Amino acid sequence: PTTGVLYKEDNYIIMTTVDKEKYKCMLPLVASGNEEEEKDYKGPTPGELLEPLFKQSSCSYRIESYWTYEVCHGKHIRQYHEEKETGQKINIQEYYLGNMMMKNPLPEPDQEEKENSKDSAKEATLPVAVSGQIPTKNIEGQMTPYYPVELGNGTPCSLRQNRPRSSTLLYICHPEAKHEILSVAEVTTCEYEVVILTPLLCSHPKYRFRASPVNDIFCQSLPGSPLKPHNLEQLEKQQETLKMPFRRVKEEEMPSMKEEKFSSIHKPVAVGSHQLLTVGTTHISKLTDEQLIKEFLSGSYCFHGGVGWWKYEFCYGKYVHQYHEDKESGKTSVVVGTWSKEEHMEWSRKNAARTFYLREDGTQTVRMVSHFYGNGDVCDLTDKPRQVTVKLKCKESDSPHAVTIYMLEPHSCQYILGVESPVICKILDTADEYGLLSVPS
């Protein structure tokens, strides 16, 4: 990642392997003196930092097992479900959870300092700023500052005498995000709270992302060098074959004490009746589209994501892993699911492996494919192997190398992994009846 405070374009070293493969490695900056910086800050207010997002009419989406949520920044938030009826007609069930025209963004905490008599007429419509305190919320075990934007005048709510639905959008800084929806929760009947990750707030020291003390070093392959060093590929293959027979033993040896201790600190964020574990965005080295698609489909380029306690690794046609890295105790890894073509084909006979979108001209295009990965590590709660349905969806983005990954757990140890990337946009239409993808011809 080149955005955010932890990494700067010029803070890197070139590493060369014994096989003369070259990699450019970005080093994290270990920042200090944050409090001084906060006091002296004279830059744009959070509202001004978010202005480009509101002006460019961009929308963010989140797919859940039934509802899809759409946040068009500065305009509205909508939840909808599409169902195909006989005769290929699409029936849409939708509710607007809030519209911008009704309520304005909340005042800036430091607005009083910036007050100007010229703006007094404009500011009369805004609520008065209180005490300059920046609100915070416990997000995945961490008190996180946020900038709230209120939306009113949504679809009338029959459970509240047809009063309109309303929502508060909580924008929080995350340097690697692409304005993802982290969570949607109904805090009281027909009133919603939506958490959105954005890099735009990160230049304001008071909203800055407080990274954990484990800072990754990101390495990109330089022209003429493979994506991963040859020796590393070999080592990973050896480790994978060694791990397989011991999987059950490893699960039993994991001290459940540790899991209990952390589950109380790192509470998952509730989304309706689902447990949302985490979401995250990462970037990959600048391969050509064709190279990238081949690497992805062969399983040699894996997607990584997650900003909470757990991170995720998804290798197409191979496995889904959930892992946590810690300075003291190293890496804890759980196999959520492994690929078996036969098991997936059996699963796809009972479940929709492809979801279609009907274009205006009446033709169909693939909107999403779902793949089944079973036979994960055995789950303590169910005494059965973990399993995951991976939903691959096209994500339009300025960066062709952005990927968003989030995980839901609708039932104990049965997961849904959402994976969205521009890479997927280029291959969705190659999906066969089982949802299996191939390199476009």
# chains A, B, ... in the order shown; residues from 1 in each chain; ligands from 1
>>> residues_around(residues="A:Val388", least_positions_apart="5", cutoff="10 Å", atoms="only C-alpha atoms", output="ChimeraX atom specification")
/A:319-320,336-338,371-376,407-409,413-417
>>> residues_around(residues="A:Leu49", least_positions_apart="5", cutoff="12 Å", atoms="only C-alpha atoms", output="PDB file with all heavy atoms, in the first residue's frame")
ATOM      1  N   GLY A  43      -4.981  21.527   9.224  1.00  0.00           N
ATOM      2  CA  GLY A  43      -5.403  21.100   7.879  1.00  0.00           C
ATOM      3  C   GLY A  43      -6.912  21.069   7.719  1.00  0.00           C
ATOM      4  O   GLY A  43      -7.660  21.582   8.556  1.00  0.00           O
ATOM      5  N   PRO A  44      -7.389  20.430   6.627  1.00  0.00           N
ATOM      6  CA  PRO A  44      -8.836  20.377   6.345  1.00  0.00           C
ATOM      7  C   PRO A  44      -9.600  19.629   7.438  1.00  0.00           C
ATOM      8  O   PRO A  44      -9.066  18.750   8.096  1.00  0.00           O
ATOM      9  CB  PRO A  44      -8.916  19.590   5.023  1.00  0.00           C
ATOM     10  CG  PRO A  44      -7.531  19.499   4.495  1.00  0.00           C
ATOM     11  CD  PRO A  44      -6.586  19.711   5.636  1.00  0.00           C
ATOM     12  N   PHE A  54     -18.174  12.522  -1.624  1.00  0.00           N
ATOM     13  CA  PHE A  54     -19.567  12.934  -1.814  1.00  0.00           C
ATOM     14  C   PHE A  54     -19.781  13.521  -3.212  1.00  0.00           C
ATOM     15  O   PHE A  54     -20.829  13.381  -3.792  1.00  0.00           O
ATOM     16  CB  PHE A  54     -19.984  13.944  -0.738  1.00  0.00           C
ATOM     17  CG  PHE A  54     -19.959  13.378   0.653  1.00  0.00           C
ATOM     18  CD1 PHE A  54     -19.606  14.164   1.743  1.00  0.00           C
ATOM     19  CD2 PHE A  54     -20.273  12.052   0.886  1.00  0.00           C
ATOM     20  CE1 PHE A  54     -19.574  13.636   3.034  1.00  0.00           C
ATOM     21  CE2 PHE A  54     -20.251  11.512   2.170  1.00  0.00           C
ATOM     22  CZ  PHE A  54     -19.907  12.314   3.240  1.00  0.00           C
ATOM     23  N   LYS A  55     -18.750  14.191  -3.739  1.00  0.00           N
ATOM     24  CA  LYS A  55     -18.912  14.863  -5.036  1.00  0.00           C
ATOM     25  C   LYS A  55     -18.849  13.900  -6.211  1.00  0.00           C
ATOM     26  O   LYS A  55     -19.459  14.136  -7.235  1.00  0.00           O
ATOM     27  CB  LYS A  55     -17.836  15.943  -5.199  1.00  0.00           C
ATOM     28  CG  LYS A  55     -18.206  17.242  -4.483  1.00  0.00           C
ATOM     29  CD  LYS A  55     -17.248  18.351  -4.821  1.00  0.00           C
ATOM     30  CE  LYS A  55     -17.754  19.682  -4.263  1.00  0.00           C
ATOM     31  NZ  LYS A  55     -16.686  20.679  -4.188  1.00  0.00           N
ATOM     32  N   GLU A 108     -18.323  19.784  12.274  1.00  0.00           N
ATOM     33  CA  GLU A 108     -16.968  19.347  12.584  1.00  0.00           C
ATOM     34  C   GLU A 108     -16.694  19.578  14.070  1.00  0.00           C
ATOM     35  O   GLU A 108     -17.096  20.603  14.607  1.00  0.00           O
ATOM     36  CB  GLU A 108     -15.933  20.182  11.799  1.00  0.00           C
ATOM     37  CG  GLU A 108     -16.265  20.385  10.337  1.00  0.00           C
ATOM     38  CD  GLU A 108     -16.325  19.084   9.582  1.00  0.00           C
ATOM     39  OE1 GLU A 108     -15.888  18.063  10.129  1.00  0.00           O
ATOM     40  OE2 GLU A 108     -16.820  19.083   8.449  1.00  0.00           O
ATOM     41  N   TYR A 147     -16.324   9.824  12.109  1.00  0.00           N
ATOM     42  CA  TYR A 147     -17.007  11.046  11.685  1.00  0.00           C
ATOM     43  C   TYR A 147     -18.416  10.649  11.247  1.00  0.00           C
ATOM     44  O   TYR A 147     -18.579   9.881  10.294  1.00  0.00           O
ATOM     45  CB  TYR A 147     -16.251  11.696  10.530  1.00  0.00           C
ATOM     46  CG  TYR A 147     -16.957  12.925   9.990  1.00  0.00           C
ATOM     47  CD1 TYR A 147     -17.014  14.099  10.736  1.00  0.00           C
ATOM     48  CD2 TYR A 147     -17.588  12.907   8.745  1.00  0.00           C
ATOM     49  CE1 TYR A 147     -17.669  15.219  10.260  1.00  0.00           C
ATOM     50  CE2 TYR A 147     -18.243  14.032   8.256  1.00  0.00           C
ATOM     51  CZ  TYR A 147     -18.289  15.182   9.016  1.00  0.00           C
ATOM     52  OH  TYR A 147     -18.947  16.295   8.554  1.00  0.00           O
ATOM     53  N   TYR A 171     -17.951   7.170   9.412  1.00  0.00           N
ATOM     54  CA  TYR A 171     -16.769   7.048   8.565  1.00  0.00           C
ATOM     55  C   TYR A 171     -15.544   6.921   9.466  1.00  0.00           C
ATOM     56  O   TYR A 171     -15.333   7.765  10.342  1.00  0.00           O
ATOM     57  CB  TYR A 171     -16.628   8.277   7.660  1.00  0.00           C
ATOM     58  CG  TYR A 171     -17.642   8.290   6.536  1.00  0.00           C
ATOM     59  CD1 TYR A 171     -18.891   8.891   6.703  1.00  0.00           C
ATOM     60  CD2 TYR A 171     -17.356   7.677   5.319  1.00  0.00           C
ATOM     61  CE1 TYR A 171     -19.830   8.881   5.678  1.00  0.00           C
ATOM     62  CE2 TYR A 171     -18.293   7.668   4.287  1.00  0.00           C
ATOM     63  CZ  TYR A 171     -19.517   8.272   4.473  1.00  0.00           C
ATOM     64  OH  TYR A 171     -20.443   8.253   3.453  1.00  0.00           O
ATOM     65  N   ILE A 172     -14.757   5.842   9.270  1.00  0.00           N
ATOM     66  CA  ILE A 172     -13.545   5.689  10.072  1.00  0.00           C
ATOM     67  C   ILE A 172     -12.343   5.536   9.136  1.00  0.00           C
ATOM     68  O   ILE A 172     -12.464   5.048   8.020  1.00  0.00           O
ATOM     69  CB  ILE A 172     -13.631   4.491  11.059  1.00  0.00           C
ATOM     70  CG1 ILE A 172     -13.743   3.158  10.340  1.00  0.00           C
ATOM     71  CG2 ILE A 172     -14.768   4.664  12.039  1.00  0.00           C
ATOM     72  CD1 ILE A 172     -13.657   1.951  11.277  1.00  0.00           C
ATOM     73  N   CYS A 173     -11.191   5.964   9.621  1.00  0.00           N
ATOM     74  CA  CYS A 173      -9.978   5.921   8.810  1.00  0.00           C
ATOM     75  C   CYS A 173      -9.441   4.502   8.729  1.00  0.00           C
ATOM     76  O   CYS A 173      -9.323   3.816   9.738  1.00  0.00           O
ATOM     77  CB  CYS A 173      -8.924   6.843   9.425  1.00  0.00           C
ATOM     78  SG  CYS A 173      -7.230   6.308   9.128  1.00  0.00           S
ATOM     79  N   THR A 198     -12.570   4.301   5.231  1.00  0.00           N
ATOM     80  CA  THR A 198     -12.105   5.186   4.155  1.00  0.00           C
ATOM     81  C   THR A 198     -10.686   5.666   4.436  1.00  0.00           C
ATOM     82  O   THR A 198     -10.343   5.937   5.586  1.00  0.00           O
ATOM     83  CB  THR A 198     -13.056   6.397   3.972  1.00  0.00           C
ATOM     84  OG1 THR A 198     -12.516   7.264   2.988  1.00  0.00           O
ATOM     85  CG2 THR A 198     -13.245   7.171   5.273  1.00  0.00           C
ATOM     86  N   PRO A 199      -9.852   5.800   3.387  1.00  0.00           N
ATOM     87  CA  PRO A 199      -8.503   6.347   3.610  1.00  0.00           C
ATOM     88  C   PRO A 199      -8.507   7.875   3.704  1.00  0.00           C
ATOM     89  O   PRO A 199      -7.531   8.476   4.132  1.00  0.00           O
ATOM     90  CB  PRO A 199      -7.731   5.884   2.367  1.00  0.00           C
ATOM     91  CG  PRO A 199      -8.771   5.744   1.309  1.00  0.00           C
ATOM     92  CD  PRO A 199     -10.055   5.365   2.003  1.00  0.00           C
ATOM     93  N   LEU A 200      -9.641   8.520   3.307  1.00  0.00           N
ATOM     94  CA  LEU A 200      -9.656   9.986   3.197  1.00  0.00           C
ATOM     95  C   LEU A 200      -9.463  10.695   4.539  1.00  0.00           C
ATOM     96  O   LEU A 200      -8.937  11.801   4.593  1.00  0.00           O
ATOM     97  CB  LEU A 200     -10.974  10.461   2.551  1.00  0.00           C
ATOM     98  CG  LEU A 200     -11.225   9.976   1.117  1.00  0.00           C
ATOM     99  CD1 LEU A 200     -12.574  10.456   0.619  1.00  0.00           C
ATOM    100  CD2 LEU A 200     -10.126  10.460   0.179  1.00  0.00           C
ATOM    101  N   LEU A 201      -9.904  10.051   5.632  1.00  0.00           N
ATOM    102  CA  LEU A 201      -9.786  10.695   6.959  1.00  0.00           C
ATOM    103  C   LEU A 201      -8.392  10.551   7.559  1.00  0.00           C
ATOM    104  O   LEU A 201      -8.083  11.168   8.572  1.00  0.00           O
ATOM    105  CB  LEU A 201     -10.796  10.077   7.935  1.00  0.00           C
ATOM    106  CG  LEU A 201     -12.259  10.471   7.784  1.00  0.00           C
ATOM    107  CD1 LEU A 201     -13.102   9.691   8.777  1.00  0.00           C
ATOM    108  CD2 LEU A 201     -12.454  11.960   8.004  1.00  0.00           C
ATOM    109  N   CYS A 202      -7.556   9.692   6.941  1.00  0.00           N
ATOM    110  CA  CYS A 202      -6.302   9.320   7.597  1.00  0.00           C
ATOM    111  C   CYS A 202      -5.271  10.444   7.669  1.00  0.00           C
ATOM    112  O   CYS A 202      -4.336  10.362   8.450  1.00  0.00           O
ATOM    113  CB  CYS A 202      -5.689   8.090   6.918  1.00  0.00           C
ATOM    114  SG  CYS A 202      -6.768   6.651   7.046  1.00  0.00           S
ATOM    115  N   SER A 203      -5.452  11.497   6.856  1.00  0.00           N
ATOM    116  CA  SER A 203      -4.479  12.590   6.946  1.00  0.00           C
ATOM    117  C   SER A 203      -4.787  13.506   8.144  1.00  0.00           C
ATOM    118  O   SER A 203      -4.011  14.386   8.474  1.00  0.00           O
ATOM    119  CB  SER A 203      -4.450  13.393   5.644  1.00  0.00           C
ATOM    120  OG  SER A 203      -5.751  13.876   5.359  1.00  0.00           O
ATOM    121  N   HIS A 204      -5.929  13.303   8.788  1.00  0.00           N
ATOM    122  CA  HIS A 204      -6.281  14.071  10.003  1.00  0.00           C
ATOM    123  C   HIS A 204      -5.773  13.284  11.217  1.00  0.00           C
ATOM    124  O   HIS A 204      -6.238  12.174  11.468  1.00  0.00           O
ATOM    125  CB  HIS A 204      -7.802  14.241  10.067  1.00  0.00           C
ATOM    126  CG  HIS A 204      -8.248  15.281  11.055  1.00  0.00           C
ATOM    127  ND1 HIS A 204      -7.856  15.252  12.380  1.00  0.00           N
ATOM    128  CD2 HIS A 204      -9.046  16.377  10.903  1.00  0.00           C
ATOM    129  CE1 HIS A 204      -8.410  16.292  12.998  1.00  0.00           C
ATOM    130  NE2 HIS A 204      -9.129  16.987  12.128  1.00  0.00           N
ATOM    131  N   TYR A 207      -8.144  11.323  13.599  1.00  0.00           N
ATOM    132  CA  TYR A 207      -8.936  10.189  13.090  1.00  0.00           C
ATOM    133  C   TYR A 207      -8.037   9.044  12.646  1.00  0.00           C
ATOM    134  O   TYR A 207      -8.492   8.080  12.069  1.00  0.00           O
ATOM    135  CB  TYR A 207      -9.804  10.630  11.903  1.00  0.00           C
ATOM    136  CG  TYR A 207     -10.925  11.551  12.325  1.00  0.00           C
ATOM    137  CD1 TYR A 207     -10.722  12.917  12.423  1.00  0.00           C
ATOM    138  CD2 TYR A 207     -12.180  11.045  12.664  1.00  0.00           C
ATOM    139  CE1 TYR A 207     -11.734  13.765  12.832  1.00  0.00           C
ATOM    140  CE2 TYR A 207     -13.202  11.884  13.073  1.00  0.00           C
ATOM    141  CZ  TYR A 207     -12.971  13.244  13.160  1.00  0.00           C
ATOM    142  OH  TYR A 207     -13.980  14.065  13.572  1.00  0.00           O
TER     143      TYR A 207
END
>>> closest_residue(among="A:Val378, A:Val419, A:Cys59, A:Met26", to="A:Lys393", atoms="only C-alpha atoms")
A:Val419
>>> residues_around(residues="A:Glu21", least_positions_apart="2", cutoff="8 Å", atoms="only C-alpha atoms", output="count of residues only")
9
>>> atom_distance(atom1="atom CA of A:Leu159", atom2="atom CA of A:Trp67")
19.4 Å
>>> atom_distance(atom1="atom CA of A:Lys426", atom2="atom CA of A:Val439")
8.9 Å
>>> atom_distance(atom1="atom CA of A:Leu222", atom2="atom CA of A:Leu437")
28.2 Å
>>> closest_residue(among="A:Lys8, A:Tyr357, A:Asn351, A:Ser158", to="A:Ile92", atoms="only C-alpha atoms")
A:Tyr357
>>> closest_residue(among="A:Thr355, A:Leu182, A:Glu420, A:Lys75", to="A:Cys394", atoms="only C-alpha atoms")
A:Glu420
>>> closest_residue(among="A:Gly435, A:Pro385, A:Pro422, A:Pro205", to="A:Thr45", atoms="only C-alpha atoms")
A:Pro205
>>> decode(residues="stretch 295-319 of chain A", atoms="N, CA, C and O atoms", output="PDB file, in the first residue's frame")
ATOM      1  N   GLU A 295      -2.227 -16.195 -12.697  1.00  0.00           N
ATOM      2  CA  GLU A 295      -1.686 -16.452 -11.344  1.00  0.00           C
ATOM      3  C   GLU A 295      -2.831 -16.759 -10.379  1.00  0.00           C
ATOM      4  O   GLU A 295      -2.751 -17.660  -9.556  1.00  0.00           O
ATOM      5  N   PHE A 296      -3.916 -15.963 -10.481  1.00  0.00           N
ATOM      6  CA  PHE A 296      -5.053 -16.123  -9.571  1.00  0.00           C
ATOM      7  C   PHE A 296      -5.735 -17.477  -9.787  1.00  0.00           C
ATOM      8  O   PHE A 296      -5.985 -18.230  -8.849  1.00  0.00           O
ATOM      9  N   LEU A 297      -6.025 -17.804 -11.063  1.00  0.00           N
ATOM     10  CA  LEU A 297      -6.760 -19.042 -11.357  1.00  0.00           C
ATOM     11  C   LEU A 297      -5.926 -20.294 -11.087  1.00  0.00           C
ATOM     12  O   LEU A 297      -6.481 -21.365 -10.832  1.00  0.00           O
ATOM     13  N   SER A 298      -4.597 -20.173 -11.132  1.00  0.00           N
ATOM     14  CA  SER A 298      -3.755 -21.345 -10.839  1.00  0.00           C
ATOM     15  C   SER A 298      -3.582 -21.522  -9.324  1.00  0.00           C
ATOM     16  O   SER A 298      -3.042 -22.517  -8.857  1.00  0.00           O
ATOM     17  N   GLY A 299      -4.054 -20.513  -8.548  1.00  0.00           N
ATOM     18  CA  GLY A 299      -3.935 -20.600  -7.085  1.00  0.00           C
ATOM     19  C   GLY A 299      -2.582 -20.154  -6.580  1.00  0.00           C
ATOM     20  O   GLY A 299      -2.309 -20.203  -5.381  1.00  0.00           O
ATOM     21  N   SER A 300      -1.694 -19.667  -7.474  1.00  0.00           N
ATOM     22  CA  SER A 300      -0.363 -19.254  -6.988  1.00  0.00           C
ATOM     23  C   SER A 300      -0.376 -17.805  -6.500  1.00  0.00           C
ATOM     24  O   SER A 300       0.469 -17.410  -5.732  1.00  0.00           O
ATOM     25  N   TYR A 301      -1.358 -16.973  -6.953  1.00  0.00           N
ATOM     26  CA  TYR A 301      -1.519 -15.662  -6.326  1.00  0.00           C
ATOM     27  C   TYR A 301      -2.735 -15.721  -5.413  1.00  0.00           C
ATOM     28  O   TYR A 301      -3.837 -16.041  -5.853  1.00  0.00           O
ATOM     29  N   CYS A 302      -2.533 -15.465  -4.139  1.00  0.00           N
ATOM     30  CA  CYS A 302      -3.623 -15.565  -3.154  1.00  0.00           C
ATOM     31  C   CYS A 302      -4.044 -14.181  -2.699  1.00  0.00           C
ATOM     32  O   CYS A 302      -3.222 -13.277  -2.588  1.00  0.00           O
ATOM     33  N   PHE A 303      -5.328 -14.009  -2.425  1.00  0.00           N
ATOM     34  CA  PHE A 303      -5.861 -12.754  -1.895  1.00  0.00           C
ATOM     35  C   PHE A 303      -5.751 -12.768  -0.365  1.00  0.00           C
ATOM     36  O   PHE A 303      -6.055 -13.771   0.272  1.00  0.00           O
ATOM     37  N   HIS A 304      -5.349 -11.642   0.203  1.00  0.00           N
ATOM     38  CA  HIS A 304      -5.289 -11.488   1.665  1.00  0.00           C
ATOM     39  C   HIS A 304      -6.175 -10.327   2.073  1.00  0.00           C
ATOM     40  O   HIS A 304      -6.260  -9.335   1.351  1.00  0.00           O
ATOM     41  N   GLY A 305      -6.806 -10.405   3.232  1.00  0.00           N
ATOM     42  CA  GLY A 305      -7.624  -9.297   3.708  1.00  0.00           C
ATOM     43  C   GLY A 305      -7.893  -9.413   5.187  1.00  0.00           C
ATOM     44  O   GLY A 305      -7.615 -10.430   5.802  1.00  0.00           O
ATOM     45  N   GLY A 306      -8.478  -8.346   5.755  1.00  0.00           N
ATOM     46  CA  GLY A 306      -8.840  -8.350   7.177  1.00  0.00           C
ATOM     47  C   GLY A 306      -8.150  -7.241   7.928  1.00  0.00           C
ATOM     48  O   GLY A 306      -6.963  -7.012   7.738  1.00  0.00           O
ATOM     49  N   VAL A 307      -8.906  -6.537   8.784  1.00  0.00           N
ATOM     50  CA  VAL A 307      -8.299  -5.470   9.586  1.00  0.00           C
ATOM     51  C   VAL A 307      -8.482  -5.701  11.078  1.00  0.00           C
ATOM     52  O   VAL A 307      -8.053  -4.924  11.892  1.00  0.00           O
ATOM     53  N   GLY A 308      -9.161  -6.778  11.446  1.00  0.00           N
ATOM     54  CA  GLY A 308      -9.403  -7.046  12.869  1.00  0.00           C
ATOM     55  C   GLY A 308      -8.411  -8.051  13.415  1.00  0.00           C
ATOM     56  O   GLY A 308      -7.282  -8.156  12.958  1.00  0.00           O
ATOM     57  N   TRP A 309      -8.846  -8.815  14.401  1.00  0.00           N
ATOM     58  CA  TRP A 309      -8.007  -9.821  15.047  1.00  0.00           C
ATOM     59  C   TRP A 309      -7.590 -10.874  14.019  1.00  0.00           C
ATOM     60  O   TRP A 309      -6.426 -11.219  13.892  1.00  0.00           O
ATOM     61  N   TRP A 310      -8.576 -11.404  13.271  1.00  0.00           N
ATOM     62  CA  TRP A 310      -8.283 -12.425  12.256  1.00  0.00           C
ATOM     63  C   TRP A 310      -8.048 -11.791  10.902  1.00  0.00           C
ATOM     64  O   TRP A 310      -8.729 -10.855  10.510  1.00  0.00           O
ATOM     65  N   LYS A 311      -7.085 -12.355  10.167  1.00  0.00           N
ATOM     66  CA  LYS A 311      -6.866 -12.012   8.760  1.00  0.00           C
ATOM     67  C   LYS A 311      -7.222 -13.260   7.944  1.00  0.00           C
ATOM     68  O   LYS A 311      -7.317 -14.357   8.489  1.00  0.00           O
ATOM     69  N   TYR A 312      -7.414 -13.081   6.630  1.00  0.00           N
ATOM     70  CA  TYR A 312      -7.827 -14.196   5.781  1.00  0.00           C
ATOM     71  C   TYR A 312      -6.913 -14.337   4.573  1.00  0.00           C
ATOM     72  O   TYR A 312      -6.431 -13.341   4.035  1.00  0.00           O
ATOM     73  N   GLU A 313      -6.704 -15.583   4.155  1.00  0.00           N
ATOM     74  CA  GLU A 313      -5.963 -15.861   2.930  1.00  0.00           C
ATOM     75  C   GLU A 313      -6.829 -16.780   2.084  1.00  0.00           C
ATOM     76  O   GLU A 313      -7.276 -17.828   2.550  1.00  0.00           O
ATOM     77  N   PHE A 314      -7.101 -16.341   0.842  1.00  0.00           N
ATOM     78  CA  PHE A 314      -7.919 -17.138  -0.068  1.00  0.00           C
ATOM     79  C   PHE A 314      -7.100 -17.448  -1.315  1.00  0.00           C
ATOM     80  O   PHE A 314      -6.648 -16.541  -2.006  1.00  0.00           O
ATOM     81  N   CYS A 315      -6.859 -18.741  -1.578  1.00  0.00           N
ATOM     82  CA  CYS A 315      -6.158 -19.181  -2.782  1.00  0.00           C
ATOM     83  C   CYS A 315      -7.167 -19.957  -3.624  1.00  0.00           C
ATOM     84  O   CYS A 315      -7.647 -21.018  -3.195  1.00  0.00           O
ATOM     85  N   TYR A 316      -7.502 -19.412  -4.783  1.00  0.00           N
ATOM     86  CA  TYR A 316      -8.530 -19.997  -5.647  1.00  0.00           C
ATOM     87  C   TYR A 316      -8.188 -21.453  -5.977  1.00  0.00           C
ATOM     88  O   TYR A 316      -7.059 -21.765  -6.364  1.00  0.00           O
ATOM     89  N   GLY A 317      -9.168 -22.332  -5.781  1.00  0.00           N
ATOM     90  CA  GLY A 317      -8.964 -23.746  -6.107  1.00  0.00           C
ATOM     91  C   GLY A 317      -8.011 -24.449  -5.156  1.00  0.00           C
ATOM     92  O   GLY A 317      -7.540 -25.550  -5.439  1.00  0.00           O
ATOM     93  N   LYS A 318      -7.703 -23.834  -3.999  1.00  0.00           N
ATOM     94  CA  LYS A 318      -6.797 -24.470  -3.037  1.00  0.00           C
ATOM     95  C   LYS A 318      -7.391 -24.481  -1.632  1.00  0.00           C
ATOM     96  O   LYS A 318      -7.755 -25.518  -1.117  1.00  0.00           O
ATOM     97  N   TYR A 319      -7.481 -23.298  -0.995  1.00  0.00           N
ATOM     98  CA  TYR A 319      -7.961 -23.272   0.398  1.00  0.00           C
ATOM     99  C   TYR A 319      -8.355 -21.859   0.842  1.00  0.00           C
ATOM    100  O   TYR A 319      -8.062 -20.873   0.177  1.00  0.00           O
TER     101      TYR A 319
END
